[in-house]
$ cat upload_13.txt   # compact mmCIF, C-alpha atoms
# COMPACT_ATOMS: atom_id res chain seq x y z
CA MET A 1 -37.00 -13.47 39.83
CA SER A 2 -40.64 -12.93 39.06
CA GLU A 3 -42.04 -14.77 42.01
CA GLN A 4 -42.94 -12.79 45.08
CA ALA A 5 -42.00 -15.92 46.97
CA PRO A 6 -44.29 -16.13 49.95
CA GLU A 7 -41.88 -18.64 51.38
CA GLU A 8 -39.27 -16.03 52.02
CA LEU A 9 -39.77 -16.74 55.69
CA PRO A 10 -36.59 -18.51 56.65
CA GLU A 11 -37.73 -20.75 59.44
CA PRO A 12 -40.86 -22.04 61.15
CA GLY A 13 -40.15 -20.14 64.32
CA PRO A 14 -42.85 -18.66 66.49
CA PRO A 15 -46.27 -17.97 65.00
CA ALA A 16 -46.32 -14.89 62.83
CA ALA A 17 -49.38 -13.16 64.23
CA PRO A 18 -48.17 -12.91 67.81
CA GLN A 19 -44.81 -11.70 66.58
CA ALA A 20 -46.51 -8.96 64.62
CA ARG A 21 -48.52 -8.01 67.68
CA VAL A 22 -45.40 -7.89 69.77
CA LEU A 23 -43.74 -5.61 67.25
CA GLY A 24 -46.85 -3.46 67.18
CA ALA A 25 -46.84 -3.21 70.96
CA VAL A 26 -43.14 -2.33 70.99
CA ALA A 27 -43.67 0.33 68.31
CA ALA A 28 -46.64 1.88 70.09
CA GLY A 29 -44.78 1.89 73.37
CA GLY A 30 -41.65 3.30 71.77
CA ALA A 31 -43.66 6.13 70.24
CA LEU A 32 -45.21 6.98 73.60
CA GLY A 33 -41.95 6.73 75.46
CA ALA A 34 -40.08 8.91 72.99
CA LEU A 35 -42.89 11.45 73.05
CA ALA A 36 -42.81 11.55 76.84
CA ARG A 37 -39.08 12.19 76.75
CA TYR A 38 -39.55 14.89 74.13
CA GLY A 39 -42.26 16.45 76.29
CA ALA A 40 -40.02 16.41 79.34
CA LEU A 41 -37.26 18.12 77.37
CA ALA A 42 -39.73 20.71 76.09
CA LEU A 43 -41.03 21.40 79.60
CA TRP A 44 -37.65 21.44 81.27
CA PRO A 45 -35.06 22.45 78.70
CA THR A 46 -31.52 22.39 79.98
CA ALA A 47 -29.03 25.03 79.08
CA HIS A 48 -26.67 24.10 76.28
CA GLY A 49 -23.44 23.13 77.93
CA GLY A 50 -24.90 22.69 81.39
CA PHE A 51 -25.59 19.51 83.28
CA PRO A 52 -28.33 17.68 81.33
CA TRP A 53 -30.68 17.29 84.28
CA THR A 54 -33.76 16.42 82.28
CA VAL A 55 -32.23 13.46 80.48
CA PHE A 56 -30.66 12.45 83.77
CA VAL A 57 -34.04 12.36 85.50
CA VAL A 58 -35.67 10.66 82.51
CA ASN A 59 -33.08 7.89 82.48
CA VAL A 60 -33.01 7.34 86.23
CA SER A 61 -36.78 7.27 86.62
CA GLY A 62 -37.10 4.91 83.67
CA CYS A 63 -34.60 2.59 85.33
CA ALA A 64 -36.56 2.55 88.58
CA LEU A 65 -39.71 1.69 86.67
CA ILE A 66 -38.15 -1.13 84.68
CA GLY A 67 -36.96 -2.64 87.94
CA VAL A 68 -40.56 -2.74 89.11
CA LEU A 69 -41.85 -4.03 85.78
CA MET A 70 -39.34 -6.84 85.36
CA VAL A 71 -40.09 -8.20 88.81
CA LEU A 72 -43.82 -8.07 88.16
CA THR A 73 -43.50 -9.82 84.81
CA VAL A 74 -40.45 -12.01 84.32
CA GLU A 75 -39.28 -12.65 87.85
CA ARG A 76 -42.53 -13.13 89.74
CA GLY A 77 -45.02 -13.72 86.97
CA ARG A 78 -47.62 -11.50 88.58
CA VAL A 79 -48.43 -9.85 85.30
CA THR A 80 -48.72 -12.51 82.65
CA HIS A 81 -50.24 -10.81 79.64
CA PRO A 82 -47.74 -11.45 76.83
CA LEU A 83 -47.85 -7.90 75.53
CA VAL A 84 -47.22 -6.09 78.80
CA ARG A 85 -43.46 -6.40 78.74
CA PRO A 86 -43.09 -5.63 75.02
CA PHE A 87 -45.32 -2.58 75.39
CA LEU A 88 -44.21 -1.16 78.73
CA GLY A 89 -40.68 -2.50 79.01
CA VAL A 90 -39.20 -2.69 75.53
CA GLY A 91 -41.47 0.02 74.18
CA VAL A 92 -42.42 2.75 76.66
CA LEU A 93 -39.44 2.57 79.02
CA GLY A 94 -36.99 1.68 76.26
CA GLY A 95 -38.23 4.62 74.21
CA PHE A 96 -38.37 6.93 77.21
CA THR A 97 -34.82 6.31 78.36
CA THR A 98 -31.96 6.89 75.99
CA PHE A 99 -28.34 5.94 75.82
CA SER A 100 -27.46 7.85 72.67
CA THR A 101 -28.47 11.28 73.98
CA TYR A 102 -26.59 10.52 77.17
CA ALA A 103 -23.44 9.58 75.28
CA ALA A 104 -23.78 12.58 72.97
CA ASP A 105 -24.23 14.95 75.91
CA VAL A 106 -21.14 13.56 77.60
CA SER A 107 -19.13 13.93 74.41
CA GLY A 108 -20.51 17.44 73.93
CA LEU A 109 -19.27 18.41 77.38
CA LEU A 110 -15.91 16.87 76.61
CA VAL A 111 -15.64 18.74 73.34
CA ARG A 112 -16.33 22.00 75.15
CA GLN A 113 -13.58 21.13 77.61
CA GLU A 114 -15.98 20.90 80.50
CA LEU A 115 -14.18 17.92 81.84
CA VAL A 116 -15.57 17.96 85.36
CA ALA A 117 -19.17 18.26 84.19
CA ALA A 118 -18.62 15.52 81.61
CA VAL A 119 -17.21 13.03 84.06
CA ALA A 120 -19.72 13.99 86.75
CA TYR A 121 -22.63 13.51 84.38
CA MET A 122 -21.30 10.25 82.99
CA VAL A 123 -20.64 8.69 86.39
CA ALA A 124 -23.66 10.14 88.19
CA THR A 125 -26.04 8.77 85.58
CA VAL A 126 -24.61 5.26 85.72
CA LEU A 127 -24.60 5.14 89.50
CA ALA A 128 -28.06 6.65 89.88
CA ALA A 129 -29.49 4.42 87.16
CA LEU A 130 -28.11 1.25 88.74
CA ALA A 131 -29.26 2.34 92.19
CA ALA A 132 -32.71 3.09 90.79
CA VAL A 133 -33.15 -0.22 88.99
CA TRP A 134 -31.95 -2.06 92.07
CA ALA A 135 -34.27 -0.09 94.35
CA GLY A 136 -37.25 -0.58 92.06
CA ALA A 137 -36.66 -4.31 91.79
CA ALA A 138 -35.85 -4.81 95.46
CA ALA A 139 -38.85 -2.86 96.69
CA THR A 140 -41.17 -4.75 94.38
CA ARG A 141 -39.75 -8.13 95.35
CA ARG A 142 -40.14 -7.27 99.02
CA LEU A 143 -43.67 -6.10 98.53
CA LEU A 144 -44.68 -9.18 96.55
CA ASP A 145 -42.93 -11.64 98.78
CA GLY A 146 -44.46 -10.04 101.83
CA GLY A 147 -41.43 -10.62 103.99
CA VAL A 148 -41.11 -14.30 103.04
CA ARG A 149 -37.38 -14.08 103.45
CA GLY A 150 -36.54 -15.94 106.61
CA ALA A 151 -40.04 -15.75 108.04
CA ARG A 152 -42.22 -18.19 106.28
CA GLY A 153 -45.23 -17.72 108.47
CA VAL A 154 -45.37 -14.03 107.94
CA ARG A 155 -47.23 -13.74 104.73
CA GLY A 156 -47.61 -10.00 104.91
CA ALA A 157 -51.01 -10.10 103.29
CA ARG A 158 -50.83 -6.53 102.13
CA ASP A 159 -52.81 -7.15 99.06
CA GLY A 160 -54.93 -10.21 99.43
CA ASP A 161 -53.24 -12.08 96.65
CA VAL A 162 -49.80 -12.64 98.05
CA ARG A 163 -50.12 -16.36 97.95
CA GLU A 164 -47.84 -19.30 97.86
CA ALA A 165 -49.45 -20.53 94.71
CA HIS A 166 -47.67 -17.81 92.82
CA ASP A 167 -44.29 -18.53 94.20
CA GLY A 168 -43.44 -21.39 91.92
CA ARG A 169 -43.92 -19.58 88.70
CA ASP A 170 -41.45 -16.80 88.72
CA VAL A 171 -38.77 -18.35 86.63
CA ARG A 172 -38.38 -18.28 82.96
CA ASP A 173 -34.69 -18.30 82.38
CA GLY A 174 -33.00 -21.10 84.15
CA ASP A 175 -30.52 -18.71 85.47
CA VAL A 176 -32.80 -16.32 87.25
CA ARG A 177 -33.51 -19.26 89.49
CA GLY A 178 -30.25 -19.26 91.31
CA VAL A 179 -30.88 -15.87 92.73
CA ARG A 180 -34.57 -16.08 93.15
CA ASP A 181 -34.42 -19.09 95.40
CA GLU A 182 -33.37 -17.07 98.35
CA GLY A 183 -36.59 -15.15 98.18
CA ARG A 184 -38.86 -18.09 97.80
CA ALA A 185 -38.65 -20.00 101.01
CA GLY A 186 -38.37 -23.27 99.14
CA MET B 1 -45.26 19.35 64.37
CA ASN B 2 -41.92 18.09 65.55
CA TRP B 3 -43.62 15.98 68.20
CA LEU B 4 -45.24 13.91 65.48
CA LEU B 5 -41.84 13.22 63.97
CA VAL B 6 -40.60 12.13 67.38
CA VAL B 7 -43.53 9.72 67.58
CA VAL B 8 -42.71 8.26 64.18
CA GLY B 9 -39.03 7.95 65.03
CA GLY B 10 -39.84 6.29 68.34
CA ALA B 11 -42.24 3.88 66.66
CA VAL B 12 -39.41 2.77 64.38
CA GLY B 13 -36.52 2.89 66.81
CA ALA B 14 -37.98 0.70 69.54
CA PRO B 15 -38.88 -2.22 67.24
CA LEU B 16 -35.45 -1.89 65.63
CA ARG B 17 -33.87 -2.34 69.04
CA TYR B 18 -36.13 -5.30 69.76
CA LEU B 19 -35.23 -6.96 66.47
CA THR B 20 -31.56 -6.22 66.94
CA ASP B 21 -31.67 -7.78 70.36
CA ARG B 22 -33.45 -10.85 69.03
CA ALA B 23 -31.06 -11.26 66.13
CA VAL B 24 -27.99 -10.91 68.31
CA GLN B 25 -29.36 -13.28 70.92
CA ALA B 26 -30.18 -15.83 68.24
CA HIS B 27 -26.59 -15.56 67.14
CA GLN B 28 -25.38 -15.98 70.70
CA GLY B 29 -27.13 -19.28 71.08
CA HIS B 30 -29.65 -20.61 73.51
CA GLY B 31 -29.76 -19.81 77.16
CA VAL B 32 -26.94 -17.35 77.25
CA ALA B 33 -29.05 -14.23 77.02
CA TYR B 34 -28.00 -13.27 80.51
CA VAL B 35 -24.32 -13.93 80.07
CA PHE B 36 -23.50 -10.75 78.25
CA PRO B 37 -26.23 -8.50 76.87
CA TRP B 38 -24.76 -8.09 73.41
CA GLY B 39 -28.13 -7.19 71.92
CA THR B 40 -28.66 -4.05 73.98
CA PHE B 41 -24.97 -3.26 73.68
CA THR B 42 -25.22 -3.40 69.89
CA ALA B 43 -28.35 -1.27 69.75
CA ASN B 44 -26.83 1.35 72.04
CA ALA B 45 -23.61 1.47 70.04
CA ALA B 46 -25.45 1.73 66.71
CA GLY B 47 -27.78 4.44 67.99
CA SER B 48 -24.88 6.41 69.43
CA LEU B 49 -23.00 6.19 66.15
CA LEU B 50 -25.99 7.44 64.22
CA LEU B 51 -26.57 10.25 66.69
CA GLY B 52 -22.94 11.23 66.30
CA VAL B 53 -23.39 11.43 62.56
CA LEU B 54 -26.51 13.55 62.96
CA THR B 55 -24.77 15.84 65.41
CA GLY B 56 -21.76 16.21 63.14
CA ALA B 57 -23.93 16.88 60.14
CA ALA B 58 -25.93 19.52 62.05
CA VAL B 59 -29.22 18.41 60.57
CA SER B 60 -32.36 20.53 60.46
CA SER B 61 -34.75 20.66 63.37
CA PRO B 62 -37.39 18.33 61.89
CA ALA B 63 -34.74 15.82 60.89
CA HIS B 64 -33.33 16.04 64.39
CA ALA B 65 -36.74 15.37 65.91
CA LEU B 66 -37.35 12.37 63.66
CA LEU B 67 -33.92 10.78 63.68
CA ALA B 68 -32.12 11.99 66.79
CA THR B 69 -34.81 12.41 69.42
CA GLY B 70 -37.15 9.80 67.99
CA LEU B 71 -35.17 7.10 66.21
CA CYS B 72 -31.84 7.18 68.06
CA GLY B 73 -33.53 7.91 71.36
CA ALA B 74 -35.76 4.85 71.11
CA LEU B 75 -33.20 2.61 69.42
CA THR B 76 -30.98 3.07 72.44
CA THR B 77 -32.03 2.44 76.01
CA TYR B 78 -30.79 3.09 79.49
CA SER B 79 -33.43 1.10 81.32
CA THR B 80 -32.70 -2.29 79.76
CA PHE B 81 -28.99 -1.59 79.97
CA SER B 82 -29.19 -1.03 83.71
CA TYR B 83 -31.55 -3.93 84.36
CA GLU B 84 -29.30 -6.32 82.48
CA THR B 85 -26.34 -5.01 84.43
CA LEU B 86 -28.23 -5.54 87.67
CA ARG B 87 -29.05 -9.11 86.67
CA LEU B 88 -25.43 -9.84 85.90
CA ALA B 89 -24.41 -8.53 89.30
CA GLU B 90 -27.17 -10.42 91.08
CA THR B 91 -26.29 -13.70 89.43
CA GLY B 92 -22.71 -13.54 90.62
CA ARG B 93 -21.22 -12.12 87.46
CA ALA B 94 -19.87 -8.94 88.90
CA PHE B 95 -17.05 -8.84 86.40
CA LEU B 96 -19.41 -9.04 83.44
CA ALA B 97 -21.64 -6.42 85.03
CA ALA B 98 -18.71 -4.04 85.38
CA ALA B 99 -17.51 -4.93 81.90
CA ASN B 100 -20.94 -4.16 80.50
CA VAL B 101 -20.94 -0.72 82.08
CA VAL B 102 -17.39 0.18 81.08
CA ALA B 103 -17.67 -1.21 77.57
CA SER B 104 -21.05 0.40 76.94
CA LEU B 105 -19.79 3.79 78.06
CA LEU B 106 -16.53 3.63 76.13
CA VAL B 107 -18.09 2.28 72.98
CA GLY B 108 -21.06 4.63 73.21
CA LEU B 109 -18.81 7.65 73.60
CA GLY B 110 -16.44 6.42 70.94
CA ALA B 111 -19.35 5.84 68.59
CA VAL B 112 -20.59 9.40 69.03
CA PHE B 113 -17.14 10.79 68.28
CA LEU B 114 -16.65 8.46 65.35
CA GLY B 115 -20.03 9.35 63.91
CA ALA B 116 -19.36 13.06 64.27
CA GLU B 117 -15.97 12.60 62.67
CA LEU B 118 -17.49 10.71 59.77
CA ALA B 119 -19.95 13.53 59.28
CA GLY B 120 -17.15 16.05 59.39
CA GLY B 121 -18.38 17.80 62.49
CA PHE B 122 -16.92 18.76 65.82
CA GLY B 123 -14.51 21.05 64.06

$ encode --input "upload_13.txt" --output "structure tokens"
Amino acid sequence: MSEQAPEELPEPGPPAAPQARVLGAVAAGGALGALARYGALALWPTAHGGFPWTVFVVNVSGCALIGVLMVLTVERGRVTHPLVRPFLGVGVLGGFTTFSTYAADVSGLLVRQELVAAVAYMVATVLAALAAVWAGAAATRRLLDGGVRGARGVRGARDGDVREAHDGRDVRDGDVRGVRDEGRAG
Amino acid sequence: MNWLLVVVGGAVGAPLRYLTDRAVQAHQGHGVAYVFPWGTFTANAAGSLLLGVLTGAAVSSPAHALLATGLCGALTTYSTFSYETLRLAETGRAFLAAANVVASLLVGLGAVFLGAELAGGFG
């Protein structure tokens, strides 16, 4: 009972220092993201009982940005720094967007019997968020791949570094591969 | 000073979500992270439940800034939820994508109501 057992750590796992840095990056990003959302709500307060436009815009814009970010990091490996995704993705965008406020606003509208507004808000957010994440990801893929799809020769050298050398390193999860192949021209 | 409380809440909520996601994924086993995003689902449900409690309890403004806007706001996420849904759809798992949306909404809403009920609110 007396020992402050330093061997509390259950398993070897990944090195401790990087993990601590990842958590630090996530925390810093989460603080910034939450603050940005708070700022948006302070700047553009929405009437109690009305359509929560500010949270709607916050969530949809955050979804568009994570589409861009995930393509740059995980899918295409253009941004390889190990703390970028924890900081910007898990932290900033995760902290900026919110599911709980969304759910609470929907339930608030329901409780006040504003059925149409509740359903409209619930459905509009989901549809807009999915459209935004798709658009962000698709636009970024297109930009990075420079029109590779179906036209191998066209390397759309928009920014000098659209190069084949990058094309092989976009996959981390075996399963992303299946879909990515169509964009990679072999 | 409420903004500072939001910062603190956000700095706790986001790592909590990250750790929740990791723990749930570890439980799920290897290589199935994209099959159903239970981690994000869990974080969103837990955050919604807590926000329901806070709403029902009608907490003070500073407590709301710290716990509701900061902690619950950062513990839950819409961006990862929608990206994971997109990935499910893009990898030919349209059913799971739809299930993720429907289940997240129903459970999130239910969690808010349950939390408020537990706190004795929504009278």

$ residues_around --input "upload_13.txt" --residues "B:Leu5" --least-positions-apart "5" --cutoff "10 Å" --atoms "all atoms listed in the file" --output "number ranges by chain"
A: 31, 35; B: 10-11, 62-67, 69-71

$ interface_residues --input "upload_13.txt" --of "chain B" --to "chain A" --cutoff "7 Å" --atoms "only C-alpha atoms" --output "JSON, numbers by chain"
{"B": [3, 6, 7, 8, 10, 11, 12, 14, 15, 44, 47, 48, 51, 52, 70, 72, 73, 74, 76, 77, 78, 79, 80, 82, 83, 86, 90, 91, 108, 109, 112]}

$ atom_distance --input "upload_13.txt" --atom1 "atom CA of B:Gln28" --atom2 "atom CA of B:Phe95"
19.2 Å

$ residues_around --input "upload_13.txt" --residues "B:Ala57" --least-positions-apart "5" --cutoff "9 Å" --atoms "all atoms listed in the file" --output "MDAnalysis selection string"
chainID B and resid 52 116 118:121

$ atom_distance --input "upload_13.txt" --atom1 "atom CA of B:Leu96" --atom2 "atom CA of A:Leu143"
28.7 Å

$ atom_distance --input "upload_13.txt" --atom1 "atom CA of B:Ala23" --atom2 "atom CA of A:Thr73"
22.5 Å

$ closest_residue --input "upload_13.txt" --among "B:Ala58, B:Ala68, B:Leu114, B:Ala43" --to "B:Arg22" --atoms "all atoms listed in the file"
B:Ala43
